[in-house]
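Engineer: Let me give you the structure first, and then I'll get to my questions.
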Amino acid sequence: MKSLLLSLSIALLSNVSIAQTPCACCSEHHRQFDYWIGEWEVFDTLGVKIGENTITKQEGGCILAEHWRSSTGSTGRSMNYFTTTDSTWRQLWVDNQGSSLELRGKGVMLPEIKAGS
């Protein structure tokens with residue numbers, strides 16, 4: 001019994017140390033949408049505010065989490081993440097109206113624009 005507990009403890013500790021590998025999601029690809037992070041007020045083309053959006057990085061930088069709140073009372077959340085298996089970004093969106101959406105696509109690396117260019 002003691003050897004079983006010791007074996008389980010070692011197995012759990014080895015998994016924890018693997019899971020704590022420093023910054024598994026800090027690649028250039030994982031940062032492609034970092035410009036989106038923050039608190040946003042969203043306006044239509046006439047300048048009327050239609051909602052607010054909060055974007056945060058979670059799970060050690062592996063997920064961009066979106067929380068949408070419209071001025072009409074609808075809300076929604078999405079989880080956005082980069083998957084290395086096919087080098088795509090994925091989004092899973094669910095709202096309080098029962099709608100859901102799954103998207104997949106490639107991020108585009110834009111050239112850096114320097115001030116005065």
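Naming scheme: A, B, ... for chains in displayed order of the structure tokens; residues 1 onward per chain; ligands 1 onward as shown.
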Need the shell around Ser27 (chain A): protein/DNA/RNA residues with any atom at most 12 Å away, counting only C-alpha atoms. Skip same-chain ones fewer than 3 positions apart. Format as a list in words?
Structural biologist: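 Counting only C-alpha atoms, the residues come to Pro22, Cys23, Ala24, His30, Arg31, Gln32, Phe33, Asp34, Gly61, Cys62, Phe82, Thr83, Thr84 and Ser87 of chain A.
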Engineer: What does the file look like for those residues with N, CA and C atoms, as a tab-separated table (two decimals), in the first residue's frame?
Structural biologist:
chain	number	residue	atom	x	y	z
A	22	PRO	N	8.10	26.54	-18.26
A	22	PRO	CA	7.94	27.98	-18.41
A	22	PRO	C	7.39	28.38	-19.78
A	23	CYS	N	6.28	29.05	-19.75
A	23	CYS	CA	5.64	29.71	-20.88
A	23	CYS	C	5.54	28.87	-22.15
A	24	ALA	N	4.69	27.89	-22.09
A	24	ALA	CA	4.46	27.02	-23.26
A	24	ALA	C	3.77	27.77	-24.40
A	30	HIS	N	1.63	32.70	-30.72
A	30	HIS	CA	0.70	32.86	-29.60
A	30	HIS	C	0.44	34.34	-29.27
A	31	ARG	N	1.31	35.23	-29.76
A	31	ARG	CA	1.16	36.66	-29.47
A	31	ARG	C	0.53	37.43	-30.63
A	32	GLN	N	0.09	36.75	-31.69
A	32	GLN	CA	-0.43	37.43	-32.87
A	32	GLN	C	-1.63	38.33	-32.59
A	33	PHE	N	-2.43	38.02	-31.60
A	33	PHE	CA	-3.62	38.80	-31.31
A	33	PHE	C	-3.54	39.56	-29.99
A	34	ASP	N	-2.33	39.74	-29.47
A	34	ASP	CA	-2.16	40.46	-28.21
A	34	ASP	C	-2.65	41.91	-28.30
A	61	GLY	N	-1.22	32.41	-20.72
A	61	GLY	CA	-1.06	33.01	-22.04
A	61	GLY	C	-1.52	32.13	-23.18
A	62	CYS	N	-2.11	30.98	-22.87
A	62	CYS	CA	-2.54	30.04	-23.91
A	62	CYS	C	-3.93	30.36	-24.47
A	82	PHE	N	-4.23	29.32	-30.13
A	82	PHE	CA	-3.40	28.86	-31.24
A	82	PHE	C	-3.09	27.39	-31.02
A	83	THR	N	-3.29	26.60	-32.06
A	83	THR	CA	-2.95	25.18	-31.95
A	83	THR	C	-1.77	24.87	-32.86
A	84	THR	N	-0.75	24.28	-32.26
A	84	THR	CA	0.48	23.99	-33.01
A	84	THR	C	0.33	22.80	-33.94
A	87	SER	N	-1.11	24.79	-36.90
A	87	SER	CA	-0.74	26.21	-36.95
A	87	SER	C	-1.93	27.12	-37.27
Engineer: Using only C-alpha atoms, determine which residues lie at most 8 Å from Gln91 (chain A), disregarding the query and same-chain residues fewer than 6 positions distant; provide the list as a PyMOL selection string.
Structural biologist: chain A and resi 78-81+101-104
Engineer: Residues of the last selection are to be written out with N, CA and C atoms, as a PDB file, in the first residue's frame.
Structural biologist:
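Resulting contents of selection.pdb:
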ATOM      1  N   SER A  78     -15.979  34.076 -25.693  1.00  0.00           N
ATOM      2  CA  SER A  78     -15.245  33.213 -26.599  1.00  0.00           C
ATOM      3  C   SER A  78     -13.902  32.861 -25.990  1.00  0.00           C
ATOM      4  N   MET A  79     -13.409  31.706 -26.396  1.00  0.00           N
ATOM      5  CA  MET A  79     -12.052  31.279 -26.073  1.00  0.00           C
ATOM      6  C   MET A  79     -11.323  31.180 -27.403  1.00  0.00           C
ATOM      7  N   ASN A  80     -10.180  31.838 -27.474  1.00  0.00           N
ATOM      8  CA  ASN A  80      -9.392  31.894 -28.693  1.00  0.00           C
ATOM      9  C   ASN A  80      -8.007  31.350 -28.370  1.00  0.00           C
ATOM     10  N   TYR A  81      -7.526  30.446 -29.222  1.00  0.00           N
ATOM     11  CA  TYR A  81      -6.242  29.818 -28.915  1.00  0.00           C
ATOM     12  C   TYR A  81      -5.549  29.373 -30.195  1.00  0.00           C
ATOM     13  N   LEU A 101     -20.558  29.261 -32.132  1.00  0.00           N
ATOM     14  CA  LEU A 101     -19.827  29.365 -33.384  1.00  0.00           C
ATOM     15  C   LEU A 101     -18.418  28.859 -33.143  1.00  0.00           C
ATOM     16  N   GLU A 102     -17.923  28.070 -34.085  1.00  0.00           N
ATOM     17  CA  GLU A 102     -16.540  27.615 -34.024  1.00  0.00           C
ATOM     18  C   GLU A 102     -15.845  28.080 -35.288  1.00  0.00           C
ATOM     19  N   LEU A 103     -14.730  28.791 -35.120  1.00  0.00           N
ATOM     20  CA  LEU A 103     -13.973  29.319 -36.248  1.00  0.00           C
ATOM     21  C   LEU A 103     -12.548  28.794 -36.206  1.00  0.00           C
ATOM     22  N   ARG A 104     -11.945  28.705 -37.381  1.00  0.00           N
ATOM     23  CA  ARG A 104     -10.541  28.304 -37.471  1.00  0.00           C
ATOM     24  C   ARG A 104      -9.908  29.090 -38.607  1.00  0.00           C
TER      25      ARG A 104
END
Engineer: Could you find all residues in region 47-81 of chain A that DSSP calls strand (DSSP E or B) from the backbone, and write them as a list in words?
Structural biologist: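 After running DSSP on the backbone, region 47-81 of chain A has strand (DSSP E or B) at Lys49, Ile50, Gly51, Glu52, Asn53, Thr54, Ile55, Thr56, Lys57, Gln58, Ile63, Leu64, Ala65, Glu66, His67, Trp68, Arg69, Ser70, Thr75, Gly76, Arg77, Ser78, Met79, Asn80 and Tyr81 of chain A.
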Engineer: What's the 10 Å shell around Ser70 (chain A), counting only C-alpha atoms, without same-chain residues fewer than 3 positions away, as a count of residues only?
Structural biologist: 11
Engineer: My list of candidates is A:Phe43, A:Gly105, A:Ile37, A:Ser99. Which is closest to Gln58 (chain A) when distances are computed with only C-alpha atoms?
Structural biologist: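 Closest candidate: A:Ile37.
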Engineer: For CA of Glu39 (chain A) and CA of Ala65 (chain A), determine how far apart the two atoms are, in Å to one decimal place.
Structural biologist: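 So the answer is 11.9 Å.
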Engineer: How far is it from CA of Trp93 (chain A) to CA of Glu66 (chain A), in Å with one decimal?
Structural biologist: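 So the answer is 8.7 Å.
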Engineer: Report, in Å with one decimal, the straight-line distance from CA of Glu59 (chain A) to CA of Cys25 (chain A).
Structural biologist: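 Going from CA of Glu59 (chain A) over to CA of Cys25 (chain A), I get 9.2 Å.
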